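Coordinates from coords27.txt are shown below (compact mmCIF, C-alpha atoms).
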```txt
# COMPACT_ATOMS: atom_id res chain seq x y z
CA MET Z 1 14.13 48.55 10.45
CA LYS Z 2 12.02 47.06 13.26
CA ASN Z 3 8.94 48.09 11.31
CA ALA Z 4 10.21 46.33 8.17
CA VAL Z 5 10.77 43.14 10.21
CA SER Z 6 7.22 43.41 11.60
CA PHE Z 7 5.83 43.73 8.07
CA ILE Z 8 7.71 40.65 6.87
CA VAL Z 9 6.63 38.67 9.94
CA GLY Z 10 2.99 39.61 9.25
CA LEU Z 11 3.36 38.61 5.61
CA ILE Z 12 4.91 35.19 6.37
CA PHE Z 13 2.36 34.60 9.14
CA ALA Z 14 -0.53 35.28 6.72
CA ILE Z 15 0.89 32.90 4.11
CA GLY Z 16 1.28 30.22 6.78
CA LEU Z 17 -2.36 30.67 7.77
CA GLY Z 18 -3.48 30.47 4.14
CA ILE Z 19 -1.45 27.36 3.28
CA SER Z 20 -2.64 25.53 6.37
CA GLY Z 21 -6.36 26.14 5.82
CA MET Z 22 -6.73 28.37 8.90
CA THR Z 23 -8.34 31.15 6.84
CA GLN Z 24 -11.35 28.87 6.32
CA VAL Z 25 -14.04 28.81 8.99
CA HIS Z 26 -15.04 25.19 8.36
CA VAL Z 27 -11.45 23.96 8.83
CA VAL Z 28 -11.17 25.71 12.21
CA ARG Z 29 -14.63 24.61 13.37
CA GLY Z 30 -13.84 21.13 12.03
CA PHE Z 31 -11.05 20.90 14.59
CA LEU Z 32 -13.39 21.90 17.42
CA ASP Z 33 -16.12 19.52 16.19
CA ILE Z 34 -14.66 16.52 18.01
CA PHE Z 35 -18.01 14.68 18.15
CA GLY Z 36 -18.67 15.26 14.44
CA SER Z 37 -16.41 15.00 11.39
CA TRP Z 38 -13.18 15.97 13.14
CA ASN Z 39 -10.55 17.79 11.07
CA PRO Z 40 -7.06 17.61 12.66
CA ALA Z 41 -5.55 20.43 10.51
CA LEU Z 42 -5.43 22.97 13.36
CA MET Z 43 -3.53 20.47 15.49
CA GLY Z 44 -1.02 20.06 12.63
CA VAL Z 45 -0.56 23.83 12.50
CA MET Z 46 0.05 24.02 16.25
CA ILE Z 47 2.55 21.13 16.14
CA GLY Z 48 4.41 22.72 13.21
CA ALA Z 49 4.45 26.21 14.73
CA ILE Z 50 5.29 25.20 18.31
CA GLY Z 51 7.85 22.64 17.09
CA VAL Z 52 9.78 25.24 15.09
CA HIS Z 53 9.38 28.13 17.53
CA SER Z 54 10.32 26.21 20.68
CA LEU Z 55 13.60 25.17 19.02
CA PHE Z 56 14.41 28.76 18.05
CA TYR Z 57 13.10 30.23 21.30
CA TYR Z 58 15.70 28.65 23.57
CA ASN Z 59 18.53 29.60 21.23
CA ILE Z 60 17.35 33.17 20.76
CA LYS Z 61 16.82 33.64 24.50
CA LYS Z 62 20.48 32.77 25.13
CA LYS Z 63 21.37 36.09 23.52
CA SER Z 64 21.62 39.11 25.80
CA SER Z 65 19.28 41.13 23.56
CA PRO Z 66 17.38 40.88 20.29
CA LEU Z 67 19.20 42.12 17.16
CA LEU Z 68 17.29 45.40 16.81
CA ASP Z 69 16.37 46.27 20.38
CA THR Z 70 18.13 46.68 23.69
CA LYS Z 71 15.99 44.11 25.50
CA PHE Z 72 13.38 41.39 25.07
CA HIS Z 73 9.74 42.38 25.66
CA LEU Z 74 8.36 39.07 26.91
CA PRO Z 75 5.44 38.46 29.29
CA THR Z 76 6.72 37.73 32.79
CA ARG Z 77 3.51 37.04 34.70
CA LYS Z 78 3.08 33.59 36.21
CA ASP Z 79 -0.10 34.07 38.28
CA ILE Z 80 -3.32 32.40 37.19
CA ASP Z 81 -6.12 34.93 37.62
CA LYS Z 82 -9.83 35.05 36.83
CA LYS Z 83 -9.30 37.45 33.93
CA LEU Z 84 -7.07 34.96 32.13
CA LEU Z 85 -9.53 32.09 32.47
CA ILE Z 86 -12.76 34.04 31.90
CA GLY Z 87 -11.24 35.94 28.98
CA SER Z 88 -10.03 32.71 27.36
CA ALA Z 89 -13.46 31.13 27.87
CA VAL Z 90 -15.21 34.13 26.27
CA PHE Z 91 -12.72 34.04 23.39
CA GLY Z 92 -13.27 30.29 22.96
CA ILE Z 93 -17.05 30.73 22.73
CA GLY Z 94 -16.68 33.34 19.97
CA TRP Z 95 -13.98 31.31 18.23
CA GLY Z 96 -16.14 28.19 17.99
CA TRP Z 97 -19.29 30.13 17.11
CA ALA Z 98 -17.86 31.54 13.87
CA GLY Z 99 -14.58 29.63 13.39
CA ILE Z 100 -12.44 32.77 13.34
CA CYS Z 101 -9.72 34.12 15.61
CA PRO Z 102 -7.95 37.48 15.21
CA GLY Z 103 -5.16 36.59 12.73
CA PRO Z 104 -7.22 34.53 10.28
CA GLY Z 105 -10.01 37.13 10.54
CA ILE Z 106 -7.75 39.94 9.35
CA VAL Z 107 -6.21 37.80 6.58
CA ALA Z 108 -9.54 36.39 5.34
CA ALA Z 109 -11.16 39.85 5.39
CA THR Z 110 -9.04 40.70 2.33
CA SER Z 111 -11.31 38.43 0.27
CA GLY Z 112 -14.09 40.97 0.78
CA ASN Z 113 -16.37 38.35 2.36
CA MET Z 114 -19.00 40.51 4.09
CA ASN Z 115 -19.45 38.20 7.09
CA ILE Z 116 -15.71 38.14 7.78
CA LEU Z 117 -15.51 41.94 7.44
CA ILE Z 118 -18.40 42.22 9.92
CA PHE Z 119 -16.58 39.81 12.23
CA VAL Z 120 -13.41 41.94 12.18
CA ALA Z 121 -15.37 45.17 12.78
CA SER Z 122 -17.17 43.49 15.72
CA MET Z 123 -13.86 42.16 17.07
CA LEU Z 124 -12.37 45.67 17.06
CA THR Z 125 -15.54 46.91 18.77
CA GLY Z 126 -15.23 44.18 21.42
CA MET Z 127 -11.61 45.21 22.05
CA GLY Z 128 -12.71 48.86 22.28
CA ILE Z 129 -15.50 48.03 24.74
CA TYR Z 130 -12.97 46.27 26.98
CA LYS Z 131 -10.63 49.27 26.88
CA LEU Z 132 -13.53 51.56 27.85
CA ILE Z 133 -14.66 49.52 30.86
CA GLU Z 134 -11.24 48.11 31.79
CA LYS Z 135 -10.81 50.16 34.96
CA LYS Z 136 -14.18 49.03 36.32
CA LEU Z 137 -13.30 45.32 36.05
CA MET K 1 -2.22 17.42 6.97
CA ILE K 2 1.13 18.11 5.24
CA ASN K 3 -0.15 21.57 4.31
CA ALA K 4 -1.19 22.19 7.91
CA LEU K 5 2.26 21.20 9.19
CA LEU K 6 4.04 23.29 6.55
CA GLY K 7 1.81 26.31 7.21
CA GLY K 8 2.39 25.87 10.93
CA MET K 9 6.16 25.74 10.42
CA LEU K 10 6.00 28.99 8.44
CA ILE K 11 4.13 30.56 11.35
CA GLY K 12 6.82 29.21 13.70
CA ILE K 13 9.50 30.82 11.53
CA ALA K 14 7.58 34.13 11.43
CA VAL K 15 7.23 34.38 15.23
CA SER K 16 10.90 33.38 15.64
CA ILE K 17 11.99 36.23 13.34
CA MET K 18 9.92 38.64 15.45
CA LEU K 19 11.63 37.40 18.63
CA LEU K 20 15.14 37.36 17.14
CA PHE K 21 15.03 40.88 15.65
CA ASN K 22 12.44 42.79 17.71
CA GLY K 23 12.42 40.73 20.91
CA ARG K 24 8.64 40.59 20.88
CA VAL K 25 5.88 38.01 21.15
CA THR K 26 3.72 37.76 18.02
CA GLY K 27 0.35 37.88 19.75
CA ILE K 28 -2.09 39.14 17.16
CA SER K 29 -4.90 40.17 19.51
CA GLY K 30 -2.39 42.12 21.62
CA ILE K 31 -0.78 43.78 18.60
CA VAL K 32 -4.18 44.82 17.23
CA SER K 33 -5.70 45.97 20.54
CA GLY K 34 -2.51 47.88 21.37
CA SER K 35 -2.87 49.80 18.11
CA LEU K 36 -6.31 51.05 19.20
CA GLN K 37 -4.65 53.28 21.81
CA PRO K 38 -1.56 54.46 19.92
CA LYS K 39 1.51 55.40 21.95
CA MET K 40 4.52 57.25 20.54
CA GLY K 41 7.26 54.87 19.43
CA ASP K 42 5.00 51.84 19.84
CA ILE K 43 2.55 52.18 16.98
CA GLY K 44 4.83 51.74 13.95
CA TRP K 45 5.69 48.06 14.36
CA ARG K 46 2.06 47.22 15.20
CA THR K 47 0.70 48.98 12.11
CA LEU K 48 3.34 47.43 9.85
CA PHE K 49 2.64 43.95 11.23
CA ILE K 50 -1.06 44.34 10.47
CA ALA K 51 -0.16 45.72 7.02
CA GLY K 52 1.95 42.58 6.50
CA LEU K 53 -0.99 40.34 7.41
CA VAL K 54 -3.27 42.23 5.01
CA SER K 55 -0.65 42.13 2.22
CA GLY K 56 -0.24 38.41 2.79
CA GLY K 57 -4.00 38.08 2.48
CA PHE K 58 -4.00 39.88 -0.87
CA LEU K 59 -1.05 37.78 -2.06
CA LEU K 60 -3.01 34.64 -1.18
CA GLN K 61 -6.02 35.87 -3.19
CA PHE K 62 -3.90 35.46 -6.32
CA THR K 63 -1.88 32.39 -5.37
CA ILE K 64 -4.29 30.19 -3.36
CA PRO K 65 -7.82 31.54 -3.93
CA SER K 66 -9.26 28.31 -2.50
CA ALA K 67 -7.96 29.43 0.93
CA PHE K 68 -10.91 31.82 1.13
CA VAL K 69 -13.77 29.47 0.34
CA GLN K 70 -15.97 29.56 3.45
CA ASN K 71 -18.43 26.86 4.35
CA SER K 72 -20.74 27.76 7.25
CA ASN K 73 -24.37 28.04 8.27
CA ALA K 74 -23.60 31.02 10.48
CA LEU K 75 -25.60 34.18 9.79
CA THR K 76 -24.52 37.81 9.96
CA GLY K 77 -25.74 38.08 13.57
CA ASP K 78 -23.54 35.11 14.48
CA TYR K 79 -20.46 36.91 13.12
CA ILE K 80 -21.31 40.03 15.13
CA PHE K 81 -21.74 37.97 18.32
CA ALA K 82 -18.57 35.96 17.65
CA GLY K 83 -16.52 39.06 16.81
CA LEU K 84 -17.56 40.85 20.01
CA MET K 85 -16.73 37.76 22.11
CA VAL K 86 -13.36 37.24 20.40
CA GLY K 87 -12.40 40.92 20.72
CA PHE K 88 -13.47 41.28 24.35
CA GLY K 89 -12.25 37.84 25.43
CA THR K 90 -8.78 38.08 23.92
CA VAL K 91 -8.04 41.42 25.58
CA LEU K 92 -9.47 40.25 28.93
CA GLY K 93 -7.51 36.97 28.69
CA ASN K 94 -4.34 38.65 27.38
CA GLY K 95 -4.03 36.64 24.20
CA CYS K 96 -5.36 34.42 21.46
CA THR K 97 -4.28 31.44 19.40
CA SER K 98 -1.00 33.12 18.34
CA GLY K 99 0.12 34.74 21.60
CA HIS K 100 -0.98 32.02 24.02
CA GLY K 101 -1.28 29.05 21.66
CA VAL K 102 1.92 29.34 19.63
CA CYS K 103 4.30 31.73 21.44
CA GLY K 104 3.21 30.98 25.01
CA ILE K 105 3.24 27.20 24.73
CA SER K 106 6.66 27.35 23.02
CA ARG K 107 7.94 29.22 26.10
CA LEU K 108 6.19 26.67 28.35
CA SER K 109 4.27 29.49 30.02
CA ILE K 110 1.77 28.06 32.51
CA ARG K 111 -0.62 30.96 31.89
CA SER K 112 -0.62 30.31 28.15
CA ILE K 113 -1.01 26.56 28.51
CA LEU K 114 -4.06 27.06 30.76
CA ALA K 115 -5.46 29.76 28.46
CA THR K 116 -5.11 27.47 25.42
CA ILE K 117 -6.78 24.53 27.16
CA THR K 118 -9.59 26.89 28.21
CA PHE K 119 -10.28 28.41 24.81
CA ILE K 120 -10.14 25.06 23.04
CA ALA K 121 -12.52 23.54 25.61
CA PHE K 122 -14.98 26.44 25.26
CA GLY K 123 -14.56 26.38 21.47
CA ILE K 124 -15.60 22.71 21.48
CA LEU K 125 -18.55 23.57 23.73
CA SER K 126 -19.55 26.47 21.48
CA VAL K 127 -19.55 24.20 18.42
CA ILE K 128 -21.73 21.67 20.28
CA VAL K 129 -24.24 24.40 21.23
CA PHE K 130 -24.27 25.80 17.67
CA LYS K 131 -24.90 22.35 16.18
CA THR K 132 -27.61 21.60 18.72
CA LEU K 133 -29.44 24.87 17.98
CA ARG K 134 -29.00 24.92 14.18
CA GLY K 135 -28.72 21.25 13.27
CA SER K 136 -25.32 21.64 11.56
CA LEU K 137 -22.28 23.91 11.41
```
Reformat the file's structure so that it appears as structure tokens.
Amino acid sequence: MKNAVSFIVGLIFAIGLGISGMTQVHVVRGFLDIFGSWNPALMGVMIGAIGVHSLFYYNIKKKSSPLLDTKFHLPTRKDIDKKLLIGSAVFGIGWGWAGICPGPGIVAATSGNMNILIFVASMLTGMGIYKLIEKKL
Amino acid sequence: MINALLGGMLIGIAVSIMLLFNGRVTGISGIVSGSLQPKMGDIGWRTLFIAGLVSGGFLLQFTIPSAFVQNSNALTGDYIFAGLMVGFGTVLGNGCTSGHGVCGISRLSIRSILATITFIAFGILSVIVFKTLRGSL
């Protein structure tokens, strides 16, 4: 049942990305191009998503547990460490360079666009490299 | 802009369903990277979520084919570089646009707010560097 919910969440998420233009690299880079022809679409997506989710979040969190699990699995860390900031900076550089982040990459790869497929393969490789050297960091 | 808001609201609904039923954050980089090292009892929901994203992508191919028109000067090497940075950076920084940007900000997590400011700032910087080197996006 939890797996079925995950599938539906992935499906709705993908449709949201497609409707909003986030599966298009020029729309995403257009948001980051603040000194060029700025495209506010990504800001609209964030406002829509955060607006809806923050309303639900506080109501859902009042429950003692989620409907299909015994407890919530939410991040609890509050410390600001170097990994968080450096990782986010590295992610931001890659994000701006191609205009793709993980979700839109996976969704847009279904179009068979070779560059997007190469992006996703490289992203998985980057994740794998981190896992391999994780203990040395 | 209406489409961006509507798409964003769908994403907000999707991540709220995940929290309500499964008690989990919908952080796509975390879901994907966690599936690279499968653990018993933890791999099903991750795989089905990714399957949902991919199915949503295929559904969009038929319903909104224009969502996959890409407009960019980036070359194959750029997508490899960007993919590696996005993959490595999101695991190092514990999240991407979905986990930090949507879910984290909705929870008012300080870590996620700082991460989001950081990756947007470096995304803007990355776009500036790309435009300076190549003349246009």
Atomic distance atom CA of Z:Ile116 - atom CA of K:Ile64, expressed in Å with one decimal: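 A separation of 17.8 Å between them.
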Tell me which protein, DNA and RNA residues are within 8 Å of K:Asn22, counting all atoms listed in the file, leaving out same-chain ones fewer than 4 positions away, and put them as a PyMOL selection string. (chain Z and resi 2+5+66-69+72) or (chain K and resi 17-18)
Which of these residues is nearest to Z:Val52, using all atoms listed in the file: K:Gln70, K:Thr116, K:Gly52, K:Ile105?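 Of the candidates, the smallest distance to Z:Val52 is held by K:Ile105.
Using only C-alpha atoms, the protein and nucleic acid residues lying at most 10 Å from the point (-17.7, 30.2, 14.9) are Val25, His26, Val28, Arg29, Leu32, Gly92, Ile93, Gly94, Trp95, Gly96, Trp97, Ala98, Gly99, Ile100 and Cys101 of chain Z; Ser72, Asn73, Ala74, Asp78, Tyr79, Phe81, Ala82, Gly83, Val86, Gly123, Ser126, Val127, Phe130 and Leu137 of chain K.
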Coordinates-based distance that separates atom CA of K:Leu19 from atom CA of K:Ile110 (Å, one decimal): 19.4 Å
